[in-house]
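To start, the structure itself, in structure tokens.
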Number of protein chains: 2
Amino acid sequence: MSRTQRRVIAEMLRSTQRDSEALPIERMRERFAAMMSTFPVPAEVRRTPTALAGRRAILVEPMGEALPGTILYFHGGSFVLGSPETAMALTADLVTRTRTRAISLDYRLAPEHPFPAAIDDCVAAYEELLDGVSAAGPIAFAGDSAGGGLTVTATLRARDACLPLPRAIVAFSPGLDHTRSGRTMRTKAEADPFLTAEGMAHTGAMYLAGHDPAQPLLAPAVHADLTGFPPMLLQVGTNEVLLDDSVRLAARARDAEVDVILDVTADVPHVFQAFAGSLEEADAALDRAALFLRQQLASP
Amino acid sequence: MSRTQRRVIAEMLRSTQRDSEALPIERMRERFAAMMSTFPVPAEVRRTPTALAGRRAILVEPMGEALPGTILYFHGGSFVLGSPETAMALTADLVTRTRTRAISLDYRLAPEHPFPAAIDDCVAAYEELLDGVSAAGPIAFAGDSAGGGLTVTATLRARDACLPLPRAIVAFSPGLDHTRSGRTMRTKAEADPFLTAEGMAHTGAMYLAGHDPAQPLLAPAVHADLTGFPPMLLQVGTNEVLLDDSVRLAARARDAEVDVILDVTADVPHVFQAFAGSLEEADAALDRAALFLRQQLASP
């Protein structure tokens, strides 16, 4: 059954994406928001507008009593698209499974605000959460795609600023290399129903705004020293040009003596967890992510 | 706290191992059994002697109602040491956490019974379980060290014999390369408090008995095609010369479009899960293994 589920989803994505790089950015954003709004948000959460370090955010709380801790969530969208709303299904799925509140941040986007604006916003939001730490409890970072990349680069910046580090990092199909040097950029080009080298070059140029991508904050899978990092969970599918971003970051984590789980699901696309409820592997992956988050947030 | 736990365990192992390769095999077996008997077995299991395909085995059942399925467990001991008893703490820890029965097999050991006797016994036991499948329910393979290797090689043989495959594979610090070509054979030689190249050459020669190690059943991390394999979970520490065995097998699994989780805990030794109850990372890793097993055994 699930092989059929995997195929249906791949076809659906292939038919809706792949031609969007020619559109103006506002039209791309609308289209992305429309697509992401088709993913059902679990009813068992309470959503409250809030703000962190001057940026809009959404507090997502489980119904009933919450366990201690806060998941600071960074949405995906290639650093040019998306918002807390476009990742709300995923965020809420983590909240219900972990029974832990999340705050999803509306960080600034390129091209209006290129690198390193998004990272600046994520770190500022984290610092504000830390300042009110008794309310937040232990903090974990989670994110998908570009937001998965932000879980790593914000931690790099936090470490280098001598801030306390988050307890854990969970990244769904993170983008971790703006040099695009991963082998799977070529070997998975046909299998990936979602991302193309051309599309990524288009959005990547908006985010880079002329910066050299060969640096840790733009290509952590290639250039970052992860020494001191908290335990990490990287989940990725094999139908992804970004597969090797996670593979290489996991290798760097091992080399830096960091606990790291590289959790690969075969024959599923970019951020397949969004298909929770209609793809068994998505639910199973989210259940594993929730156990990992609870283990790290509960650890003394 | 846990960093202290990790250090204490490394020192303990360092002081008790490392000089055993000079001993006669019977003395090595006694010594291994004595060391492994120090790990407490959870009380909440029922152990019953049984047999599979003519080999002694132990049925390990949870108290209370068991969930459907059977974990076929293969103990560690470099193919020359060990028994279901020496791995009983680990086996029972999996049983209590999964609420699923396990059968731990007393496969034949080298030098009396070199390669491929152990694999023959594991596959024969699996076939007998399959023949009584209504009683066994869905079957998963689990094992540690050499037994982790057997989860993979028995699956290779089962696949090539066109048997139905196990639902899942869980391997704790598996030995997957008798060519010993992993980079960590050198880079982790000092960090590994347990295994040495010399000791492994000594026991490996007994198992090989002159066979060329450069073949899939003796070096699956280097030579096996894993096409068609069920979902795999590989757990390994960074203080292990065998770390790269798991790293390379995970890469082969990804290349073969197999679901694979490479779950690496930093600064812990070979089969650190045996320290459940005294090392937080051991309990956390076993909880993740139990969730994975239940996900696969419950999947339709």
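In the structure tokens, chains take the letters A, B, ... in the order shown, each chain's residues start at 1, and ligands count up from 1 in the order shown.
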Item to check | Selection: 6 Å around range 230-239 of chain A, only C-alpha atoms, excl. self and same-chain fewer than 5 positions, as a list in words | outcome: Arg167, Ala168, Ile169, Val170, Ala171, Phe172, Ser173, Ala191, Asp192, Asp259, Val260, Ile261, Leu262, Asp263, Val264, Thr265, Ala266, Asp267, Val268 and Pro269 of chain A
Checklist entry - Counting only C-alpha atoms, what is within 12 Å of Leu249 in chain B, bar same-chain residues fewer than 2 positions away, as a PyMOL selection string? => result chain B and resi 148-149+152-153+171+173-177+182+216+219-226+229+232-236+242-247+251-256+258-262
Next on the checklist: To test your reading of the structure, identify every residue in range 65-250 of chain B that backbone DSSP assigns to strand (DSSP E), and report it as a PyMOL selection string.
Outcome noted: chain B and resi 70-74+101-105+139-144+169-172+232-239
Checklist entry - Excluding same-chain residues fewer than 2 positions from Ala118 in chain A, what lies within 8 Å of it counting only C-alpha atoms, as number ranges by chain? => result A: 79, 107-109, 113-116, 120-122, 150
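The space between CA of His75 in chain B and CA of Leu52 in chain B spans 15.0 Å.
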Next on the checklist: So that I can check the secondary structure, give me every residue of range 127-257 of chain B assigned alpha helix (DSSP H) by backbone DSSP, as a ChimeraX atom specification.
Outcome noted: /B:127-131,133-136,146-160,184-187,197-208,220-223,243-255
Next on the checklist: Give me the residues near Thr70 in chain B as a PyMOL selection string, where near means some atom within 6 Å (using only C-alpha atoms) and where sequence neighbours in that chain fewer than 6 positions away do not count.
Outcome noted: chain B and resi 101-102+136+139
Write the selection just made, keeping N, CA, C and O atoms, as a PDB file, in the first residue's frame?
```pdb
ATOM      1  N   ARG B 101       7.675 -10.559  21.901  1.00  0.00           N
ATOM      2  CA  ARG B 101       8.533 -11.680  22.274  1.00  0.00           C
ATOM      3  C   ARG B 101       9.766 -11.734  21.386  1.00  0.00           C
ATOM      4  O   ARG B 101       9.753 -11.276  20.229  1.00  0.00           O
ATOM      5  N   ALA B 102      10.843 -12.285  21.922  1.00  0.00           N
ATOM      6  CA  ALA B 102      12.063 -12.509  21.150  1.00  0.00           C
ATOM      7  C   ALA B 102      12.452 -13.967  21.292  1.00  0.00           C
ATOM      8  O   ALA B 102      12.109 -14.629  22.282  1.00  0.00           O
ATOM      9  N   ALA B 136       4.310 -17.012  15.042  1.00  0.00           N
ATOM     10  CA  ALA B 136       5.370 -16.016  15.188  1.00  0.00           C
ATOM     11  C   ALA B 136       4.885 -14.611  14.864  1.00  0.00           C
ATOM     12  O   ALA B 136       5.368 -13.628  15.409  1.00  0.00           O
ATOM     13  N   ILE B 139       8.097 -10.981  11.623  1.00  0.00           N
ATOM     14  CA  ILE B 139       9.394 -11.271  12.231  1.00  0.00           C
ATOM     15  C   ILE B 139      10.382 -10.150  11.922  1.00  0.00           C
ATOM     16  O   ILE B 139      10.465  -9.679  10.782  1.00  0.00           O
TER      17      ILE B 139
END
```
